[in-house]
>>> print(open('entry_37.cif').read())   # mmCIF, C-alpha atoms
data_query
#
loop_
_atom_site.group_PDB
_atom_site.id
_atom_site.type_symbol
_atom_site.label_atom_id
_atom_site.label_comp_id
_atom_site.auth_asym_id
_atom_site.auth_seq_id
_atom_site.Cartn_x
_atom_site.Cartn_y
_atom_site.Cartn_z
ATOM 1 C CA MET A 277 111.943 95.262 103.988
ATOM 2 C CA LEU A 278 115.709 95.606 103.654
ATOM 3 C CA LEU A 279 115.623 99.356 104.253
ATOM 4 C CA PRO A 280 115.254 99.345 108.092
ATOM 5 C CA TYR A 281 118.142 96.875 108.501
ATOM 6 C CA LEU A 282 120.326 98.878 106.132
ATOM 7 C CA ALA A 283 119.446 102.090 107.981
ATOM 8 C CA ILE A 284 120.367 100.600 111.371
ATOM 9 C CA VAL A 285 123.663 99.137 110.121
ATOM 10 C CA LEU A 286 124.688 102.407 108.430
ATOM 11 C CA LEU A 287 123.639 104.386 111.477
ATOM 12 C CA ALA A 288 125.756 102.202 113.756
ATOM 13 C CA VAL A 289 128.763 102.565 111.449
ATOM 14 C CA VAL A 290 128.403 106.355 111.197
ATOM 15 C CA THR A 291 127.912 106.716 114.958
ATOM 16 C CA LEU A 292 131.095 104.761 115.626
ATOM 17 C CA TYR A 293 133.045 106.552 112.903
ATOM 18 C CA SER A 294 131.967 110.057 113.911
ATOM 19 C CA ALA A 295 132.655 109.332 117.589
ATOM 20 C CA VAL A 296 136.178 108.099 116.802
ATOM 21 C CA VAL A 297 136.908 111.069 114.508
ATOM 22 C CA SER A 298 135.529 113.538 117.056
ATOM 23 C CA PHE A 299 137.639 112.306 119.971
ATOM 24 C CA ARG A 300 140.679 110.829 118.198
ATOM 25 C CA GLN A 301 143.916 112.346 119.462
ATOM 26 C CA LYS A 302 147.526 111.371 119.839
ATOM 27 C CA PRO A 303 148.698 110.528 123.351
ATOM 28 C CA ASP A 304 150.368 113.944 123.706
ATOM 29 C CA GLY A 305 147.120 115.753 122.911
ATOM 30 C CA GLU A 306 147.935 116.659 119.296
ATOM 31 C CA PRO A 307 145.376 115.791 116.611
ATOM 32 C CA ALA A 308 146.218 112.560 114.790
ATOM 33 C CA ALA A 309 147.772 112.594 111.341
ATOM 34 C CA PRO A 310 145.355 112.252 108.412
ATOM 35 C CA GLY A 311 145.050 108.897 106.669
ATOM 36 C CA TRP A 312 142.715 106.983 104.355
ATOM 37 C CA VAL A 313 140.180 106.149 107.048
ATOM 38 C CA PHE A 314 140.406 109.507 108.799
ATOM 39 C CA PRO A 315 141.291 111.866 105.947
ATOM 40 C CA ASP A 316 141.862 115.571 106.064
ATOM 41 C CA ALA A 317 139.541 117.940 104.198
ATOM 42 C CA PRO A 318 139.334 116.948 100.503
ATOM 43 C CA LYS A 319 141.087 118.884 97.783
ATOM 44 C CA ARG A 320 139.468 121.645 95.798
ATOM 45 C CA THR A 321 138.754 119.362 92.815
ATOM 46 C CA ALA A 322 136.838 116.937 95.022
ATOM 47 C CA ARG A 323 134.750 119.762 96.432
ATOM 48 C CA ILE A 324 133.948 121.029 92.938
ATOM 49 C CA PHE A 325 133.004 117.509 91.882
ATOM 50 C CA VAL A 326 130.630 117.133 94.854
ATOM 51 C CA GLY A 327 129.133 120.563 94.184
ATOM 52 C CA VAL A 328 128.482 119.799 90.514
ATOM 53 C CA ALA A 329 127.069 116.361 91.350
ATOM 54 C CA THR A 330 124.735 117.924 93.932
ATOM 55 C CA LEU A 331 123.606 120.534 91.425
ATOM 56 C CA LEU A 332 122.885 117.867 88.809
ATOM 57 C CA LEU A 333 121.004 115.812 91.391
ATOM 58 C CA ALA A 334 118.899 118.814 92.381
ATOM 59 C CA ILE A 335 118.128 119.616 88.728
ATOM 60 C CA GLY A 336 117.233 115.975 88.057
ATOM 61 C CA LEU A 337 114.929 115.799 91.064
ATOM 62 C CA GLY A 338 113.314 119.103 90.120
ATOM 63 C CA ALA A 339 112.691 117.920 86.560
ATOM 64 C CA TRP A 340 111.284 114.625 87.821
ATOM 65 C CA PHE A 341 108.845 116.378 90.159
ATOM 66 C CA LYS A 342 107.856 118.811 87.418
ATOM 67 C CA ILE A 343 107.159 116.017 84.928
ATOM 68 C CA ASN A 344 105.206 113.970 87.459
ATOM 69 C CA GLY A 345 103.372 117.021 88.747
ATOM 70 C CA SER A 346 102.283 118.187 85.311
ATOM 71 C CA SER A 347 100.977 114.721 84.468
ATOM 72 C CA VAL A 348 98.285 115.001 87.133
ATOM 73 C CA SER A 349 97.358 118.646 87.018
ATOM 74 C CA PRO A 350 95.947 120.781 84.315
ATOM 75 C CA ASN A 351 95.940 118.795 81.065
ATOM 76 C CA SER A 352 95.372 115.333 82.397
ATOM 77 C CA ILE A 353 92.322 113.489 83.660
ATOM 78 C CA PRO A 354 90.910 115.157 86.766
ATOM 79 C CA ARG A 355 90.986 113.032 89.915
ATOM 80 C CA SER A 356 88.111 114.664 91.717
ATOM 81 C CA TRP A 357 84.786 112.898 91.311
ATOM 82 C CA ARG A 358 81.238 114.181 91.490
ATOM 83 C CA PHE A 359 78.726 111.508 92.364
ATOM 84 C CA LEU A 360 75.192 112.323 91.205
ATOM 85 C CA ILE A 361 72.824 110.140 93.192
ATOM 86 C CA PRO A 362 69.042 109.950 92.696
ATOM 87 C CA GLU A 363 67.225 112.010 95.317
ATOM 88 C CA GLY A 364 65.939 109.887 98.162
ATOM 89 C CA TYR A 365 68.166 106.946 97.318
ATOM 90 C CA ARG A 366 69.192 104.905 100.356
ATOM 91 C CA GLY A 367 71.472 101.900 100.141
ATOM 92 C CA TRP A 368 74.709 100.773 98.570
ATOM 93 C CA VAL A 369 76.120 102.469 95.493
ATOM 94 C CA ARG A 370 78.544 100.496 93.384
ATOM 95 C CA VAL A 371 80.678 101.701 90.497
ATOM 96 C CA GLU A 372 82.392 99.071 88.365
ATOM 97 C CA PHE A 373 85.342 100.168 86.244
ATOM 98 C CA GLU A 374 86.898 98.938 83.016
ATOM 99 C CA ILE A 375 83.766 97.155 81.852
ATOM 100 C CA PRO A 376 84.056 96.546 78.081
ATOM 101 C CA GLY A 377 81.262 98.172 76.105
ATOM 102 C CA ALA A 378 80.124 100.414 78.951
ATOM 103 C CA PRO A 379 80.189 104.198 78.420
ATOM 104 C CA PRO A 380 83.161 106.249 79.656
ATOM 105 C CA LEU A 381 82.757 108.763 82.460
ATOM 106 C CA PRO A 382 82.284 112.365 81.301
ATOM 107 C CA ALA A 383 84.272 115.256 82.778
ATOM 108 C CA GLN A 384 82.702 118.583 83.683
ATOM 109 C CA ALA A 385 84.403 121.630 85.176
ATOM 110 C CA GLY A 386 87.482 119.705 86.221
ATOM 111 C CA GLN A 387 85.560 116.842 87.789
ATOM 112 C CA ILE A 388 84.616 113.383 86.597
ATOM 113 C CA VAL A 389 80.854 113.013 86.797
ATOM 114 C CA LEU A 390 79.380 109.699 87.890
ATOM 115 C CA LYS A 391 75.614 109.743 87.453
ATOM 116 C CA ILE A 392 74.322 106.824 89.476
ATOM 117 C CA PRO A 393 71.135 105.245 88.074
ATOM 118 C CA PRO A 394 68.199 104.415 90.393
ATOM 119 C CA THR A 395 69.478 100.810 90.655
ATOM 120 C CA GLY A 396 72.626 102.046 92.435
ATOM 121 C CA LEU A 397 74.938 100.218 90.039
ATOM 122 C CA LEU A 398 77.021 102.151 87.506
ATOM 123 C CA ARG A 399 79.238 100.365 84.997
ATOM 124 C CA THR A 400 81.854 102.271 83.030
ATOM 125 C CA SER A 401 84.729 101.563 80.707
ATOM 126 C CA SER A 402 86.832 104.251 82.402
ATOM 127 C CA SER A 403 89.639 103.317 84.766
ATOM 128 C CA GLU A 404 89.649 104.042 88.437
ATOM 129 C CA GLN A 405 91.661 107.091 89.512
ATOM 130 C CA TYR A 406 94.021 106.933 92.476
ATOM 131 C CA GLY A 407 95.563 109.723 94.488
ATOM 132 C CA TRP A 408 94.500 112.714 96.513
ATOM 133 C CA ALA A 409 91.179 114.252 95.619
ATOM 134 C CA GLU A 410 88.089 115.650 97.268
ATOM 135 C CA ASP A 411 84.945 114.038 95.925
ATOM 136 C CA ASP A 412 81.492 115.622 95.842
ATOM 137 C CA TYR A 413 78.217 113.826 96.504
ATOM 138 C CA VAL A 414 75.040 115.352 95.183
ATOM 139 C CA PHE A 415 71.379 114.301 95.028
ATOM 140 C CA TYR A 416 69.851 114.998 91.665
ATOM 141 C CA ALA A 417 66.171 115.447 90.874
ATOM 142 C CA SER A 418 64.064 117.374 88.434
ATOM 143 C CA GLY A 419 64.246 120.374 90.760
ATOM 144 C CA GLY A 420 68.028 120.571 90.679
ATOM 145 C CA LEU A 421 71.007 119.433 92.714
ATOM 146 C CA GLN A 422 71.325 119.140 96.466
ATOM 147 C CA PRO A 423 74.697 118.475 98.121
ATOM 148 C CA ILE A 424 75.017 115.407 100.327
ATOM 149 C CA PRO A 425 77.047 115.810 103.521
ATOM 150 C CA ASP A 426 79.885 113.265 103.584
ATOM 151 C CA SER A 427 81.365 114.345 106.919
ATOM 152 C CA GLY A 428 80.222 115.730 110.238
ATOM 153 C CA ALA A 429 77.171 114.890 112.324
ATOM 154 C CA GLY A 430 74.637 114.589 109.525
ATOM 155 C CA LYS A 431 76.785 112.708 107.030
ATOM 156 C CA LEU A 432 75.034 110.375 104.653
ATOM 157 C CA ILE A 433 78.038 108.644 103.043
ATOM 158 C CA TRP A 434 79.413 105.576 104.829
ATOM 159 C CA GLY A 435 81.687 102.612 104.294
ATOM 160 C CA LYS A 436 83.464 103.741 101.156
ATOM 161 C CA ILE A 437 85.730 101.039 99.765
ATOM 162 C CA ASN A 438 87.855 100.530 96.667
ATOM 163 C CA ASN A 439 88.687 97.018 95.726
ATOM 164 C CA SER A 440 89.185 94.625 92.870
ATOM 165 C CA GLU A 441 87.783 91.173 92.307
ATOM 166 C CA HIS A 442 88.056 88.357 89.832
ATOM 167 C CA SER A 443 85.122 88.023 87.499
ATOM 168 C CA GLY A 444 84.568 84.931 85.442
ATOM 169 C CA SER A 445 84.503 86.506 82.001
ATOM 170 C CA SER A 446 86.592 89.657 82.017
ATOM 171 C CA GLY A 447 89.320 88.792 84.507
ATOM 172 C CA LYS A 448 90.130 91.242 87.276
ATOM 173 C CA ARG A 449 87.939 94.307 87.649
ATOM 174 C CA SER A 450 88.000 97.134 90.107
ATOM 175 C CA TYR A 451 85.032 98.672 91.811
ATOM 176 C CA GLU A 452 84.100 101.272 94.375
ATOM 177 C CA GLU A 453 81.253 101.036 96.852
ATOM 178 C CA PHE A 454 79.757 103.279 99.477
ATOM 179 C CA PHE A 455 76.544 103.455 101.436
ATOM 180 C CA VAL A 456 74.079 106.315 101.242
ATOM 181 C CA GLY A 457 71.941 106.783 104.326
ATOM 182 C CA THR A 458 71.981 107.638 107.986
ATOM 183 C CA GLN A 459 74.339 105.997 110.451
ATOM 184 C CA GLN A 460 71.488 103.894 111.835
ATOM 185 C CA GLN A 461 70.545 102.680 108.358
ATOM 186 C CA PHE A 462 74.165 101.816 107.679
ATOM 187 C CA LYS A 463 74.418 99.831 110.928
ATOM 188 C CA ASP A 464 71.118 98.044 110.313
ATOM 189 C CA GLN A 465 72.181 97.149 106.806
ATOM 190 C CA ALA A 466 75.558 95.877 108.029
ATOM 191 C CA GLU A 467 73.898 93.642 110.636
ATOM 192 C CA GLN A 468 71.449 92.262 108.105
ATOM 193 C CA SER A 469 74.119 91.389 105.575
ATOM 194 C CA ARG A 470 76.607 89.916 108.079
ATOM 195 C CA PRO A 471 75.466 86.212 107.963
ATOM 196 C CA ASN A 472 75.979 85.821 104.207
ATOM 197 C CA ASP A 473 78.819 87.809 102.755
ATOM 198 C CA SER A 474 79.454 85.483 99.841
ATOM 199 C CA PRO A 475 77.859 86.761 96.638
ATOM 200 C CA LYS A 476 80.422 88.946 94.934
ATOM 201 C CA GLU A 477 79.773 87.805 91.390
ATOM 202 C CA SER A 478 76.783 89.590 89.874
ATOM 203 C CA HIS A 479 76.592 91.870 92.902
ATOM 204 C CA VAL A 480 73.860 94.433 92.628
ATOM 205 C CA PRO A 481 73.486 96.921 95.449
ATOM 206 C CA ALA A 482 70.284 96.713 97.386
ATOM 207 C CA ALA A 483 68.449 99.897 98.205
ATOM 208 C CA VAL A 484 67.150 100.373 101.726
ATOM 209 C CA PRO A 485 63.403 101.038 101.823
ATOM 210 C CA MET B 66 135.706 111.677 100.445
ATOM 211 C CA LEU B 67 135.032 108.768 102.807
ATOM 212 C CA PRO B 68 133.255 110.874 105.479
ATOM 213 C CA PHE B 69 131.155 112.634 102.850
ATOM 214 C CA SER B 70 130.080 109.348 101.227
ATOM 215 C CA LEU B 71 129.339 107.715 104.564
ATOM 216 C CA TYR B 72 127.313 110.607 105.955
ATOM 217 C CA PHE B 73 125.511 111.249 102.678
ATOM 218 C CA VAL B 74 124.442 107.650 102.067
ATOM 219 C CA THR B 75 123.330 107.201 105.676
ATOM 220 C CA ALA B 76 121.380 110.464 105.609
ATOM 221 C CA VAL B 77 119.598 109.464 102.406
ATOM 222 C CA VAL B 78 118.788 105.913 103.588
ATOM 223 C CA THR B 79 117.565 106.918 107.057
ATOM 224 C CA GLY B 80 115.771 109.958 105.693
ATOM 225 C CA PHE B 81 113.904 107.873 103.146
ATOM 226 C CA HIS B 82 113.067 105.295 105.810
ATOM 227 C CA MET B 83 111.642 108.007 108.072
ATOM 228 C CA TYR B 84 109.757 109.516 105.163
ATOM 229 C CA ALA B 85 108.191 106.124 104.450
ATOM 230 C CA LEU B 86 107.189 105.743 108.100
ATOM 231 C CA LEU B 87 105.849 109.282 108.348
ATOM 232 C CA SER B 88 103.871 109.015 105.117
ATOM 233 C CA VAL B 89 101.421 106.522 106.662
ATOM 234 C CA VAL B 90 100.142 109.392 108.814
ATOM 235 C CA VAL B 91 97.840 110.296 105.921
ATOM 236 C CA TYR B 92 96.031 106.990 106.483
ATOM 237 C CA GLY B 93 95.253 107.920 110.093
ATOM 238 C CA VAL B 94 98.219 106.314 111.852
ATOM 239 C CA PRO B 95 99.170 108.440 114.902
ATOM 240 C CA LEU B 96 102.303 110.543 114.508
ATOM 241 C CA ASN B 97 105.308 109.389 116.530
ATOM 242 C CA PRO B 98 107.360 112.473 117.578
ATOM 243 C CA LEU B 99 110.519 110.348 117.701
ATOM 244 C CA GLU B 100 110.183 109.801 113.958
ATOM 245 C CA LEU B 101 110.296 113.559 113.469
ATOM 246 C CA VAL B 102 113.374 113.803 115.705
ATOM 247 C CA SER B 103 115.019 111.062 113.693
ATOM 248 C CA TRP B 104 114.109 112.776 110.438
ATOM 249 C CA LEU B 105 115.694 115.973 111.718
ATOM 250 C CA GLY B 106 118.773 113.904 112.555
ATOM 251 C CA SER B 107 118.908 112.686 108.968
ATOM 252 C CA PHE B 108 118.831 116.262 107.750
ATOM 253 C CA CYS B 109 121.630 117.220 110.153
ATOM 254 C CA LEU B 110 123.658 114.285 108.892
ATOM 255 C CA LEU B 111 123.192 115.554 105.346
ATOM 256 C CA VAL B 112 124.477 118.950 106.472
ATOM 257 C CA ALA B 113 127.413 117.204 108.170
ATOM 258 C CA ALA B 114 128.229 115.479 104.885
ATOM 259 C CA TYR B 115 128.770 118.838 103.161
ATOM 260 C CA VAL B 116 130.560 120.339 106.165
ATOM 261 C CA SER B 117 132.972 117.381 106.052
ATOM 262 C CA LEU B 118 134.303 118.704 102.725
ATOM 263 C CA PHE B 119 135.758 121.696 104.559
ATOM 264 C CA ARG B 120 136.058 120.810 108.245
ATOM 265 C CA PRO B 121 136.040 117.047 108.825
ATOM 266 C CA ARG B 122 136.413 117.219 112.578
ATOM 267 C CA ALA B 123 133.549 119.683 113.090
ATOM 268 C CA ALA B 124 131.463 117.624 110.675
ATOM 269 C CA ALA B 125 132.144 114.507 112.734
ATOM 270 C CA ARG B 126 130.762 116.222 115.830
ATOM 271 C CA VAL B 127 127.655 117.367 113.963
ATOM 272 C CA ALA B 128 127.265 113.838 112.598
ATOM 273 C CA LEU B 129 127.613 112.370 116.086
ATOM 274 C CA ILE B 130 124.863 114.632 117.435
ATOM 275 C CA ALA B 131 122.685 113.765 114.425
ATOM 276 C CA CYS B 132 123.273 110.059 115.000
ATOM 277 C CA LEU B 133 122.320 110.363 118.670
ATOM 278 C CA ALA B 134 119.094 112.095 117.607
ATOM 279 C CA MET B 135 118.382 109.263 115.199
ATOM 280 C CA TRP B 136 119.054 106.621 117.830
ATOM 281 C CA CYS B 137 116.197 108.175 119.839
ATOM 282 C CA PHE B 138 113.928 106.427 117.409
ATOM 283 C CA TYR B 139 116.026 103.491 116.230
ATOM 284 C CA ALA B 140 117.129 102.239 119.673
ATOM 285 C CA PRO B 141 113.608 101.741 121.115
ATOM 286 C CA ALA B 142 112.393 100.426 117.777
ATOM 287 C CA THR B 143 115.216 97.877 117.615
ATOM 288 C CA ALA B 144 114.658 96.878 121.261
ATOM 289 C CA ASN B 145 110.943 96.350 120.625
ATOM 290 C CA PHE B 146 111.699 94.351 117.511
ATOM 291 C CA VAL B 147 114.176 92.088 119.315
ATOM 292 C CA ARG B 148 111.823 91.655 122.274
ATOM 293 C CA ALA B 149 108.946 90.741 119.985
ATOM 294 C CA LYS B 150 111.113 88.182 118.195
ATOM 295 C CA ARG B 151 112.438 86.672 121.427
ATOM 296 C CA ASP B 152 109.094 86.462 123.249
ATOM 297 C CA LYS B 153 107.212 85.018 120.333
ATOM 298 C CA ALA B 154 105.384 81.859 121.432
ATOM 299 C CA PRO B 155 105.827 78.771 119.258
ATOM 300 C CA ALA B 156 102.955 77.918 117.006
ATOM 301 C CA VAL B 157 102.501 74.429 118.522
ATOM 302 C CA SER B 158 103.072 72.961 121.966
ATOM 303 C CA GLN B 159 106.294 71.083 122.508
ATOM 304 C CA TRP B 160 106.374 67.455 123.549
ATOM 305 C CA MET B 161 109.180 65.680 125.287
ATOM 306 C CA ARG B 162 109.924 62.219 126.634
ATOM 307 C CA PRO B 163 108.927 61.461 130.220
ATOM 308 C CA PRO B 164 111.679 61.679 132.818
ATOM 309 C CA ALA B 165 113.369 58.499 134.029
ATOM 310 C CA GLY B 166 111.167 56.534 136.427
ATOM 311 C CA ALA B 167 107.875 57.739 135.041
ATOM 312 C CA ALA B 168 105.413 55.367 133.456
ATOM 313 C CA ARG B 169 106.502 54.413 129.948
ATOM 314 C CA ASP B 170 103.266 55.397 128.291
ATOM 315 C CA THR B 171 103.126 58.798 129.922
ATOM 316 C CA SER B 172 103.903 61.807 127.855
ATOM 317 C CA TRP B 173 104.641 65.166 129.310
ATOM 318 C CA ARG B 174 103.213 68.133 127.698
ATOM 319 C CA ILE B 175 104.901 71.403 128.225
ATOM 320 C CA GLU B 176 103.034 74.483 127.332
ATOM 321 C CA THR B 177 105.909 76.724 126.466
ATOM 322 C CA ALA B 178 103.643 79.687 126.040
ATOM 323 C CA CYS B 179 102.873 79.554 129.779
ATOM 324 C CA LEU B 180 106.498 79.483 130.869
#
>>> encode(input="entry_37.cif", output="structure tokens")
Amino acid sequence: MLLPYLAIVLLAVVTLYSAVVSFRQKPDGEPAAPGWVFPDAPKRTARIFVGVATLLLAIGLGAWFKINGSSVSPNSIPRSWRFLIPEGYRGWVRVEFEIPGAPPLPAQAGQIVLKIPPTGLLRTSSSEQYGWAEDDYVFYASGGLQPIPDSGAGKLIWGKINNSEHSGSSGKRSYEEFFVGTQQQFKDQAEQSRPNDSPKESHVPAAVP
Amino acid sequence: MLPFSLYFVTAVVTGFHMYALLSVVVYGVPLNPLELVSWLGSFCLLVAAYVSLFRPRAAARVALIACLAMWCFYAPATANFVRAKRDKAPAVSQWMRPPAGAARDTSWRIETACL
């Protein structure tokens, strides 16, 4: 919150300073003599010092980006998720993370696979992943996999939220929810659930018939 | 070294501020073109910082132009901020004593928000 105020104060100071330096002249038209506030060009040693400091800064920033970049790409946990949803499922899907005793999420072909059971509630001991990623939604059945559109006119994924809540036994836990169905089903479901939005503890998603 | 330090620190602070404001675009916030102008001004100020090591007077002119570009964003933003602070209605209505001559049990309610 301090940053905007600091930026404005510094900007005002630099504007004033640069305006005075730009137009400062002696009464007879000669440029004014250099001083501490309005110095002449620095000496060669100062320039070398600034150049070396800039080089070190650039190397440091490059190393920092490289370290941070490599921690999310090839060898680390993939961020992209693949939701496998039972074919024909309509309703809310909920994934609860960091549940002790629950199985971890498997990874396949660079994606974390979340196989949603027919109840719509998946509990896992894995942590939630944050950051940029493109998730896939797929219906699964005995016949194979069928992609679910999550954008455009015929999208079937609505109201995706990530949140955390306090549970009585295990403290704070994070979860992710989204709705599977048409826009009309999503609206109908939202209107039905509007009067009572209380039960968060022991929340089990309800499938739409 | 004073011009270099001044220009460099200001360029970094304003540049980071603009970066923070521009980064919310990924959440769907509309892009304000003045923020881009201001960000460009920060970059020019950074250039002016290095130019000031060789030609302080030319660097001061570059810095002045960069500052004017940055004020394109900061001046309206500051004006809006001040206006919002000044025009903010009080949370509760104000009460004051009745004027001389009025009945003693009369209270005068002034809705400051309507003034």
>>> closest_atom_pairs(input="entry_37.cif", of="chain B", to="chain A", cutoff="10 Å", atoms="only C-alpha atoms", output="Markdown table")
| residue | atom | partner | partner_atom | distance |
| --- | --- | --- | --- | --- |
| B:Met66 | CA | A:Pro318 | CA | 6.4 |
| B:Leu67 | CA | A:Val313 | CA | 7.2 |
| B:Pro68 | CA | A:Phe314 | CA | 8.0 |
| B:Phe69 | CA | A:Val326 | CA | 9.2 |
| B:Leu71 | CA | A:Val290 | CA | 6.8 |
| B:Tyr72 | CA | A:Val290 | CA | 6.8 |
| B:Val74 | CA | A:Leu286 | CA | 8.2 |
| B:Thr75 | CA | A:Leu286 | CA | 5.7 |
| B:Ala76 | CA | A:Leu287 | CA | 8.7 |
| B:Val77 | CA | A:Ala283 | CA | 9.2 |
| B:Val78 | CA | A:Ala283 | CA | 5.9 |
| B:Thr79 | CA | A:Ala283 | CA | 5.3 |
| B:Gly80 | CA | A:Ala283 | CA | 9.0 |
| B:Phe81 | CA | A:Leu279 | CA | 8.8 |
| B:His82 | CA | A:Leu279 | CA | 6.7 |
| B:Met83 | CA | A:Pro280 | CA | 9.4 |
| B:Ser107 | CA | A:Leu287 | CA | 9.9 |
| B:Leu110 | CA | A:Val290 | CA | 9.5 |
| B:Tyr115 | CA | A:Val326 | CA | 8.7 |
| B:Val116 | CA | A:Ala317 | CA | 9.5 |
| B:Ser117 | CA | A:Ala317 | CA | 6.8 |
| B:Leu118 | CA | A:Ala317 | CA | 5.5 |
| B:Phe119 | CA | A:Ala317 | CA | 5.3 |
| B:Arg120 | CA | A:Ala317 | CA | 6.1 |
| B:Pro121 | CA | A:Ala317 | CA | 5.9 |
| B:Arg122 | CA | A:Ser298 | CA | 5.9 |
| B:Ala123 | CA | A:Ser298 | CA | 7.6 |
| B:Ala124 | CA | A:Ser294 | CA | 8.2 |
| B:Ala125 | CA | A:Ser294 | CA | 4.6 |
| B:Arg126 | CA | A:Ser298 | CA | 5.6 |
| B:Val127 | CA | A:Ser294 | CA | 8.5 |
| B:Ala128 | CA | A:Ser294 | CA | 6.2 |
| B:Leu129 | CA | A:Ser294 | CA | 5.4 |
| B:Ile130 | CA | A:Thr291 | CA | 8.8 |
| B:Ala131 | CA | A:Thr291 | CA | 8.8 |
| B:Cys132 | CA | A:Thr291 | CA | 5.7 |
| B:Leu133 | CA | A:Thr291 | CA | 7.6 |
| B:Met135 | CA | A:Leu287 | CA | 8.1 |
| B:Trp136 | CA | A:Leu287 | CA | 8.1 |
| B:Tyr139 | CA | A:Ile284 | CA | 7.1 |
| B:Ala140 | CA | A:Ile284 | CA | 9.1 |
| B:Thr143 | CA | A:Ile284 | CA | 8.5 |
>>> atom_distance(input="entry_37.cif", atom1="CA of Ile361 (chain A)", atom2="CA of Pro425 (chain A)")
12.5 Å
>>> atom_distance(input="entry_37.cif", atom1="CA of Arg399 (chain A)", atom2="CA of Ile437 (chain A)")
16.1 Å
>>> closest_residue(input="entry_37.cif", among="A:Trp340, A:Phe415, A:Trp434, A:Phe325", to="Gly364 (chain A)", atoms="all atoms listed in the file")
A:Phe415
>>> atom_distance(input="entry_37.cif", atom1="CA of Gly338 (chain A)", atom2="CA of Val91 (chain B)")
23.8 Å
